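Engineer: Dropping in work-v4.pdb, with PDB, C-alpha atoms and all ligand atoms.
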```pdb
ATOM      1  CA  MET A 115       0.000   0.000   0.000  1.00  0.00           C
ATOM      2  CA  PRO A 116       1.584   3.324  -0.998  1.00  0.00           C
ATOM      3  CA  GLU A 117       2.683   5.712   1.737  1.00  0.00           C
ATOM      4  CA  LYS A 118       0.719   8.897   2.329  1.00  0.00           C
ATOM      5  CA  GLY A 119       2.180  12.380   2.570  1.00  0.00           C
ATOM      6  CA  HIS A 120       3.330  15.326   0.523  1.00  0.00           C
ATOM      7  CA  PRO A 121       5.907  14.567  -2.124  1.00  0.00           C
ATOM      8  CA  LEU A 122       9.345  15.968  -1.459  1.00  0.00           C
ATOM      9  CA  ILE A 123      12.185  16.098  -3.968  1.00  0.00           C
ATOM     10  CA  ARG A 124      15.662  15.536  -2.565  1.00  0.00           C
ATOM     11  CA  ARG A 125      19.181  14.864  -3.801  1.00  0.00           C
ATOM     12  CA  LEU A 126      20.089  11.175  -3.820  1.00  0.00           C
ATOM     13  CA  GLY A 127      23.341   9.619  -2.693  1.00  0.00           C
ATOM     14  CA  ILE A 128      25.166   6.325  -2.549  1.00  0.00           C
ATOM     15  CA  GLU A 129      22.964   5.207   0.370  1.00  0.00           C
ATOM     16  CA  ASP A 130      19.909   5.342  -1.928  1.00  0.00           C
ATOM     17  CA  ILE A 131      21.266   3.049  -4.635  1.00  0.00           C
ATOM     18  CA  GLU A 132      19.753  -0.134  -3.266  1.00  0.00           C
ATOM     19  CA  VAL A 133      16.210   1.287  -3.288  1.00  0.00           C
ATOM     20  CA  MET A 134      16.732   2.967  -6.676  1.00  0.00           C
ATOM     21  CA  HIS A 135      17.865  -0.312  -8.111  1.00  0.00           C
ATOM     22  CA  GLU A 136      14.814  -2.119  -6.674  1.00  0.00           C
ATOM     23  CA  ILE A 137      12.500   0.464  -8.290  1.00  0.00           C
ATOM     24  CA  GLU A 138      14.463   0.204 -11.536  1.00  0.00           C
ATOM     25  CA  LYS A 139      14.036  -3.582 -11.675  1.00  0.00           C
ATOM     26  CA  LEU A 140      10.292  -3.262 -11.069  1.00  0.00           C
ATOM     27  CA  SER A 141       9.865  -0.573 -13.728  1.00  0.00           C
ATOM     28  CA  TYR A 142      11.970  -1.544 -16.736  1.00  0.00           C
ATOM     29  CA  PRO A 143      12.208  -4.756 -18.749  1.00  0.00           C
ATOM     30  CA  TYR A 144      15.948  -4.036 -19.105  1.00  0.00           C
ATOM     31  CA  PRO A 145      16.961  -2.295 -15.879  1.00  0.00           C
ATOM     32  CA  TRP A 146      20.221  -0.503 -15.224  1.00  0.00           C
ATOM     33  CA  SER A 147      22.684  -2.398 -13.049  1.00  0.00           C
ATOM     34  CA  ARG A 148      23.709  -1.135  -9.618  1.00  0.00           C
ATOM     35  CA  GLY A 149      27.052  -0.253 -11.163  1.00  0.00           C
ATOM     36  CA  ILE A 150      25.461   2.257 -13.540  1.00  0.00           C
ATOM     37  CA  PHE A 151      23.836   4.086 -10.605  1.00  0.00           C
ATOM     38  CA  GLU A 152      27.182   4.059  -8.800  1.00  0.00           C
ATOM     39  CA  ASP A 153      28.927   5.472 -11.864  1.00  0.00           C
ATOM     40  CA  CYS A 154      26.315   8.228 -12.243  1.00  0.00           C
ATOM     41  CA  LEU A 155      26.889   9.351  -8.659  1.00  0.00           C
ATOM     42  CA  ARG A 156      30.661   8.981  -8.882  1.00  0.00           C
ATOM     43  CA  VAL A 157      30.962  11.220 -11.928  1.00  0.00           C
ATOM     44  CA  GLY A 158      28.657  13.821 -10.385  1.00  0.00           C
ATOM     45  CA  TYR A 159      25.524  13.513 -12.488  1.00  0.00           C
ATOM     46  CA  ALA A 160      22.471  15.060 -10.868  1.00  0.00           C
ATOM     47  CA  CYS A 161      20.339  12.443  -9.093  1.00  0.00           C
ATOM     48  CA  PHE A 162      17.068  13.546  -7.495  1.00  0.00           C
ATOM     49  CA  GLY A 163      14.445  11.420  -5.796  1.00  0.00           C
ATOM     50  CA  LEU A 164      10.774  11.864  -5.080  1.00  0.00           C
ATOM     51  CA  GLN A 165      10.178  10.993  -1.439  1.00  0.00           C
ATOM     52  CA  ILE A 166       6.697  10.359  -0.054  1.00  0.00           C
ATOM     53  CA  GLY A 167       6.714   9.729   3.669  1.00  0.00           C
ATOM     54  CA  GLN A 168       9.307   7.021   4.248  1.00  0.00           C
ATOM     55  CA  ALA A 169       9.134   5.758   0.671  1.00  0.00           C
ATOM     56  CA  LEU A 170      11.257   6.662  -2.338  1.00  0.00           C
ATOM     57  CA  ALA A 171       8.634   6.781  -5.094  1.00  0.00           C
ATOM     58  CA  GLY A 172      10.923   7.569  -8.035  1.00  0.00           C
ATOM     59  CA  TYR A 173      14.056   9.277  -9.277  1.00  0.00           C
ATOM     60  CA  THR A 174      15.571  11.172 -12.137  1.00  0.00           C
ATOM     61  CA  ILE A 175      19.178  11.425 -13.315  1.00  0.00           C
ATOM     62  CA  PHE A 176      20.676  13.925 -15.731  1.00  0.00           C
ATOM     63  CA  SER A 177      24.031  15.167 -16.933  1.00  0.00           C
ATOM     64  CA  TRP A 178      24.977  18.521 -18.400  1.00  0.00           C
ATOM     65  CA  ALA A 179      27.963  20.005 -20.202  1.00  0.00           C
ATOM     66  CA  ALA A 180      28.675  22.741 -22.744  1.00  0.00           C
ATOM     67  CA  GLY A 181      25.116  24.020 -22.872  1.00  0.00           C
ATOM     68  CA  GLU A 182      23.559  20.588 -23.398  1.00  0.00           C
ATOM     69  CA  ALA A 183      21.781  18.467 -20.846  1.00  0.00           C
ATOM     70  CA  HIS A 184      20.889  14.787 -21.126  1.00  0.00           C
ATOM     71  CA  LEU A 185      18.011  13.256 -19.258  1.00  0.00           C
ATOM     72  CA  LEU A 186      19.361   9.790 -18.541  1.00  0.00           C
ATOM     73  CA  ASN A 187      16.644   8.282 -16.398  1.00  0.00           C
ATOM     74  CA  LEU A 188      13.161   9.130 -15.149  1.00  0.00           C
ATOM     75  CA  CYS A 189      11.421   6.422 -13.209  1.00  0.00           C
ATOM     76  CA  ILE A 190       8.421   6.157 -10.912  1.00  0.00           C
ATOM     77  CA  HIS A 191       7.756   3.036  -8.839  1.00  0.00           C
ATOM     78  CA  PRO A 192       4.819   1.113 -10.436  1.00  0.00           C
ATOM     79  CA  ASP A 193       2.727   1.613  -7.247  1.00  0.00           C
ATOM     80  CA  TRP A 194       3.037   5.381  -7.695  1.00  0.00           C
ATOM     81  CA  GLN A 195       2.571   5.741 -11.441  1.00  0.00           C
ATOM     82  CA  HIS A 196      -0.314   7.648 -13.094  1.00  0.00           C
ATOM     83  CA  ARG A 197      -0.604  10.185 -10.263  1.00  0.00           C
ATOM     84  CA  GLY A 198       1.323  13.011 -11.870  1.00  0.00           C
ATOM     85  CA  TYR A 199       4.616  12.252 -10.108  1.00  0.00           C
ATOM     86  CA  GLY A 200       6.513  11.508 -13.320  1.00  0.00           C
ATOM     87  CA  SER A 201       5.489  14.914 -14.662  1.00  0.00           C
ATOM     88  CA  LEU A 202       6.418  16.558 -11.364  1.00  0.00           C
ATOM     89  CA  LEU A 203       9.887  15.070 -11.329  1.00  0.00           C
ATOM     90  CA  LEU A 204      10.382  15.865 -15.027  1.00  0.00           C
ATOM     91  CA  GLU A 205       9.467  19.498 -14.395  1.00  0.00           C
ATOM     92  CA  TYR A 206      11.898  19.679 -11.496  1.00  0.00           C
ATOM     93  CA  ALA A 207      14.678  18.223 -13.642  1.00  0.00           C
ATOM     94  CA  ILE A 208      13.927  20.647 -16.512  1.00  0.00           C
ATOM     95  CA  ASN A 209      14.056  23.641 -14.147  1.00  0.00           C
ATOM     96  CA  ASN A 210      17.396  22.483 -12.802  1.00  0.00           C
ATOM     97  CA  MET A 211      18.840  21.892 -16.242  1.00  0.00           C
ATOM     98  CA  ALA A 212      17.698  25.369 -17.303  1.00  0.00           C
ATOM     99  CA  ARG A 213      19.372  26.904 -14.220  1.00  0.00           C
ATOM    100  CA  LEU A 214      22.592  25.154 -15.221  1.00  0.00           C
ATOM    101  CA  GLU A 215      22.434  27.210 -18.420  1.00  0.00           C
ATOM    102  CA  SER A 216      21.633  24.318 -20.687  1.00  0.00           C
ATOM    103  CA  GLU A 217      20.202  25.454 -23.990  1.00  0.00           C
ATOM    104  CA  ALA A 218      18.648  22.123 -24.880  1.00  0.00           C
ATOM    105  CA  ILE A 219      17.791  18.834 -23.223  1.00  0.00           C
ATOM    106  CA  PHE A 220      18.241  15.551 -25.093  1.00  0.00           C
ATOM    107  CA  LEU A 221      16.950  12.116 -24.226  1.00  0.00           C
ATOM    108  CA  GLU A 222      16.544   8.674 -25.716  1.00  0.00           C
ATOM    109  CA  VAL A 223      13.537   6.470 -25.181  1.00  0.00           C
ATOM    110  CA  ARG A 224      12.649   2.995 -26.405  1.00  0.00           C
ATOM    111  CA  ALA A 225      10.367   2.961 -29.428  1.00  0.00           C
ATOM    112  CA  SER A 226       8.226   0.459 -27.474  1.00  0.00           C
ATOM    113  CA  ASN A 227       7.555   2.991 -24.678  1.00  0.00           C
ATOM    114  CA  PRO A 228       4.747   5.214 -26.018  1.00  0.00           C
ATOM    115  CA  TYR A 229       3.712   6.382 -22.523  1.00  0.00           C
ATOM    116  CA  ALA A 230       7.095   7.905 -21.917  1.00  0.00           C
ATOM    117  CA  VAL A 231       7.114   9.440 -25.421  1.00  0.00           C
ATOM    118  CA  SER A 232       3.734  11.082 -24.783  1.00  0.00           C
ATOM    119  CA  LEU A 233       4.868  12.321 -21.368  1.00  0.00           C
ATOM    120  CA  TYR A 234       7.812  14.064 -23.043  1.00  0.00           C
ATOM    121  CA  GLU A 235       5.790  15.301 -26.019  1.00  0.00           C
ATOM    122  CA  ASN A 236       3.195  16.791 -23.679  1.00  0.00           C
ATOM    123  CA  ARG A 237       5.998  18.751 -22.059  1.00  0.00           C
ATOM    124  CA  GLY A 238       7.268  20.107 -25.368  1.00  0.00           C
ATOM    125  CA  PHE A 239       9.991  17.653 -26.347  1.00  0.00           C
ATOM    126  CA  LYS A 240      10.198  17.041 -30.087  1.00  0.00           C
ATOM    127  CA  ILE A 241      11.256  13.849 -31.792  1.00  0.00           C
ATOM    128  CA  ILE A 242      14.457  14.664 -33.690  1.00  0.00           C
ATOM    129  CA  GLY A 243      15.580  11.241 -34.818  1.00  0.00           C
ATOM    130  CA  ARG A 244      15.974   7.544 -34.269  1.00  0.00           C
ATOM    131  CA  ARG A 245      18.952   5.408 -33.386  1.00  0.00           C
ATOM    132  CA  PRO A 246      18.312   2.112 -35.168  1.00  0.00           C
ATOM    133  CA  LEU A 247      18.623  -1.037 -33.037  1.00  0.00           C
ATOM    134  CA  TYR A 248      20.057   0.958 -30.138  1.00  0.00           C
ATOM    135  CA  TYR A 249      18.616  -1.110 -27.271  1.00  0.00           C
ATOM    136  CA  LYS A 250      18.675  -4.787 -26.463  1.00  0.00           C
ATOM    137  CA  ALA A 251      15.167  -6.261 -26.707  1.00  0.00           C
ATOM    138  CA  GLY A 252      14.445  -9.955 -26.221  1.00  0.00           C
ATOM    139  CA  GLU A 253      16.501 -11.899 -28.715  1.00  0.00           C
ATOM    140  CA  GLY A 254      16.965  -8.824 -30.889  1.00  0.00           C
ATOM    141  CA  ARG A 255      17.303  -5.055 -30.712  1.00  0.00           C
ATOM    142  CA  GLU A 256      14.978  -2.058 -30.881  1.00  0.00           C
ATOM    143  CA  ASP A 257      15.261   1.565 -31.952  1.00  0.00           C
ATOM    144  CA  ALA A 258      15.767   4.530 -29.664  1.00  0.00           C
ATOM    145  CA  ILE A 259      13.672   7.612 -30.299  1.00  0.00           C
ATOM    146  CA  VAL A 260      15.787  10.724 -29.778  1.00  0.00           C
ATOM    147  CA  MET A 261      13.983  13.760 -28.362  1.00  0.00           C
ATOM    148  CA  ARG A 262      14.980  17.358 -27.670  1.00  0.00           C
ATOM    149  CA  LEU A 263      13.525  20.222 -25.667  1.00  0.00           C
ATOM    150  CA  GLU A 264      14.765  23.714 -26.522  1.00  0.00           C
ATOM    151  CA  LEU A 265      15.174  25.750 -23.354  1.00  0.00           C
ATOM    152  CA  HIS A 266      15.568  29.239 -24.865  1.00  0.00           C
ATOM    153  CA  SER A 267      11.959  30.079 -24.190  1.00  0.00           C
ATOM    154  CA  GLU A 268      11.766  28.410 -20.757  1.00  0.00           C
ATOM    155  CA  LYS A 269      11.330  30.759 -17.823  1.00  0.00           C
ATOM    156  CA  VAL A 270      13.345  29.870 -14.735  1.00  0.00           C
TER
HETATM  157  C1  LIG B 301       7.087   7.099 -17.773  1.00  0.00           C
HETATM  158  C2  LIG B 301       6.833   7.376 -16.272  1.00  0.00           C
HETATM  159  C3  LIG B 301       8.057   8.068 -15.668  1.00  0.00           C
HETATM  160  C4  LIG B 301       5.599   8.274 -16.147  1.00  0.00           C
HETATM  161  O1  LIG B 301       5.407   8.551 -14.769  1.00  0.00           O
HETATM  162  P1  LIG B 301       3.929   8.717 -14.161  1.00  0.00           P
HETATM  163  O2  LIG B 301       4.067   9.239 -12.785  1.00  0.00           O
HETATM  164  O3  LIG B 301       3.186   7.455 -14.347  1.00  0.00           O
HETATM  165  O4  LIG B 301       3.370   9.808 -15.168  1.00  0.00           O
HETATM  166  P2  LIG B 301       2.259  10.906 -14.879  1.00  0.00           P
HETATM  167  O5  LIG B 301       1.215  10.361 -13.952  1.00  0.00           O
HETATM  168  O6  LIG B 301       2.945  12.167 -14.469  1.00  0.00           O
HETATM  169  O7  LIG B 301       1.649  11.028 -16.331  1.00  0.00           O
HETATM  170  C5  LIG B 301       2.235  11.935 -17.218  1.00  0.00           C
HETATM  171  C6  LIG B 301       1.898  11.598 -18.635  1.00  0.00           C
HETATM  172  O8  LIG B 301       2.560  10.403 -18.994  1.00  0.00           O
HETATM  173  C7  LIG B 301       1.770   9.715 -19.949  1.00  0.00           C
HETATM  174  N1  LIG B 301       1.364   8.457 -19.342  1.00  0.00           N
HETATM  175  C8  LIG B 301       1.850   7.938 -18.201  1.00  0.00           C
HETATM  176  N2  LIG B 301       1.281   6.726 -17.987  1.00  0.00           N
HETATM  177  C9  LIG B 301       0.418   6.506 -19.003  1.00  0.00           C
HETATM  178  C10 LIG B 301      -0.469   5.442 -19.341  1.00  0.00           C
HETATM  179  N3  LIG B 301      -0.581   4.334 -18.601  1.00  0.00           N
HETATM  180  N4  LIG B 301      -1.203   5.558 -20.462  1.00  0.00           N
HETATM  181  C11 LIG B 301      -1.091   6.640 -21.252  1.00  0.00           C
HETATM  182  N5  LIG B 301      -0.263   7.692 -20.976  1.00  0.00           N
HETATM  183  C12 LIG B 301       0.462   7.615 -19.864  1.00  0.00           C
HETATM  184  C13 LIG B 301       0.605  10.598 -20.239  1.00  0.00           C
HETATM  185  O9  LIG B 301       0.997  11.477 -21.261  1.00  0.00           O
HETATM  186  C14 LIG B 301       0.460  11.345 -18.959  1.00  0.00           C
HETATM  187  O10 LIG B 301      -0.181  12.564 -19.102  1.00  0.00           O
HETATM  188  P3  LIG B 301      -1.742  12.682 -18.710  1.00  0.00           P
HETATM  189  O11 LIG B 301      -1.849  12.244 -17.275  1.00  0.00           O
HETATM  190  O12 LIG B 301      -2.023  14.143 -18.946  1.00  0.00           O
HETATM  191  O13 LIG B 301      -2.445  11.751 -19.651  1.00  0.00           O
HETATM  192  C15 LIG B 301       6.502   6.052 -15.512  1.00  0.00           C
HETATM  193  O14 LIG B 301       5.430   5.409 -16.160  1.00  0.00           O
HETATM  194  C16 LIG B 301       7.679   5.107 -15.401  1.00  0.00           C
HETATM  195  O15 LIG B 301       8.499   5.240 -14.498  1.00  0.00           O
HETATM  196  N6  LIG B 301       7.745   4.126 -16.317  1.00  0.00           N
HETATM  197  C17 LIG B 301       8.814   3.133 -16.283  1.00  0.00           C
HETATM  198  C18 LIG B 301      10.160   3.759 -16.562  1.00  0.00           C
HETATM  199  C19 LIG B 301      10.158   4.513 -17.878  1.00  0.00           C
HETATM  200  O16 LIG B 301       9.676   4.034 -18.890  1.00  0.00           O
HETATM  201  N7  LIG B 301      10.771   5.726 -17.834  1.00  0.00           N
HETATM  202  C20 LIG B 301      10.948   6.560 -19.000  1.00  0.00           C
HETATM  203  C21 LIG B 301      12.175   6.122 -19.712  1.00  0.00           C
HETATM  204  S1  LIG B 301      12.705   7.271 -20.897  1.00  0.00           S
END
```
Represent the structure contained in this file as structure tokens.
Structural biologist:
Amino acid sequence: MPEKGHPLIRRLGIEDIEVMHEIEKLSYPYPWSRGIFEDCLRVGYACFGLQIGQALAGYTIFSWAAGEAHLLNLCIHPDWQHRGYGSLLLEYAINNMARLESEAIFLEVRASNPYAVSLYENRGFKIIGRRPLYYKAGEGREDAIVMRLELHSEKV
């Protein structure tokens, strides 16, 4: 049963990896390994979590450099999905990337993930290309859809 309480967004650290990885495994058919989360924290990528009461309900990870930001992960625990928390965390990440003087945000999403694509499209991301056979999928591979949000017109 999901926890009750106001959502709070906080910075995540090494002590949160175990829970992040549990959420990751529940949410993706091809989850990141623990090592990828460790690497993200080690190299200083931004990792923020959505905390509700005692529970971590989701997280987002992004990198930024030379005016470009990359949204690397956005994930909400299945028990907490469809309540607006994905949008909330996405908005928080976008505001932070804009403050870091990024001019555009890029992301890749599996072609088989239309919910995520519509979440990003609703927020103004545009599809700018495809990376053929980018992701592992079953016995084969599947395309990545590449999306971009221009931040010039975003108010921060
Ligand atoms: C994608 C994800 C982050 C969305 O989080 P969420 O909290 O469920 O999303 P929200 O409740 O904020 O919904 C935002 C929008 O997402 C889309 N969406 C989310 N779930 C959907 C569903 N089941 N059916 C259709 N659209 C859906 C809709 O556009 C929705 O907008 P709407 O409520 O105005 O229709 C979440 O489903 C998730 O973690 N999925 C697994 C991991 C993943 O695929 N991450 C994205 C990788 S790039």
Engineer: How far is it from atom CA of A:Glu253 to atom CA of A:Glu222, in Å with one decimal?
Structural biologist: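 So the two atoms, atom CA of A:Glu253 and atom CA of A:Glu222, lie 20.8 Å apart.
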Engineer: Running the PyMOL selection byres (((chain A and resi 175) around 9) and not hetatm) on this model by hand, what would come out? Give it as a ChimeraX atom specification.
Structural biologist: /A:154,159-163,173-174,176-177,184-188,207
Engineer: Any idea what the distance is between atom CA of A:Glu264 and atom C18 of ligand LIG 301 (chain B)?
Structural biologist: 22.8 Å
Engineer: Please report, as CSV, each residue of chain A lying at most 6 Å from ligand LIG 301 (chain B), together with the nearest pair of atoms and the separation in Å rounded to one decimal; use only C-alpha atoms and all ligand atoms, and order rows by chain and ascending residue number.
Structural biologist:
```
residue,atom,partner,partner_atom,distance
A:Ser141,CA,B:LIG301,C17,4.6
A:Tyr142,CA,B:LIG301,C18,5.6
A:Asn187,CA,B:LIG301,C21,6.0
A:Leu188,CA,B:LIG301,N7,5.0
A:Cys189,CA,B:LIG301,O15,3.4
A:Ile190,CA,B:LIG301,O15,3.7
A:Gln195,CA,B:LIG301,O3,3.4
A:His196,CA,B:LIG301,O5,3.2
A:Arg197,CA,B:LIG301,O5,4.1
A:Gly198,CA,B:LIG301,O6,3.2
A:Tyr199,CA,B:LIG301,O2,4.1
A:Gly200,CA,B:LIG301,O2,3.4
A:Ser201,CA,B:LIG301,O6,3.7
A:Val223,CA,B:LIG301,S1,4.4
A:Tyr229,CA,B:LIG301,C12,4.4
A:Ala230,CA,B:LIG301,C1,4.2
A:Ser232,CA,B:LIG301,O9,4.5
A:Leu233,CA,B:LIG301,O8,3.8
```
Engineer: For a quick check of your reading of the model, name the residues lying within 12 Å of the coordinate (18.8, 17.1, -22.5), counting only C-alpha atoms, and write them as a PyMOL selection string.
Structural biologist: chain A and resi 175-187+204+207-212+214-222+234+239-240+260-265
Engineer: Rounded to one decimal in Å, what is the spacing between atom CA of A:Lys139 and atom CA of A:Arg156?
Structural biologist: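 Separating atom CA of A:Lys139 from atom CA of A:Arg156 is a distance of 21.0 Å.
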Engineer: Can you work out which one of A:Glu129, A:His266, A:Tyr144, A:Leu122 has the shortest atom-to-atom distance to A:Arg213, counting all atoms listed in the file?
Structural biologist: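 Looking only at the distances to A:Arg213, the closest residue turns out to be A:His266.
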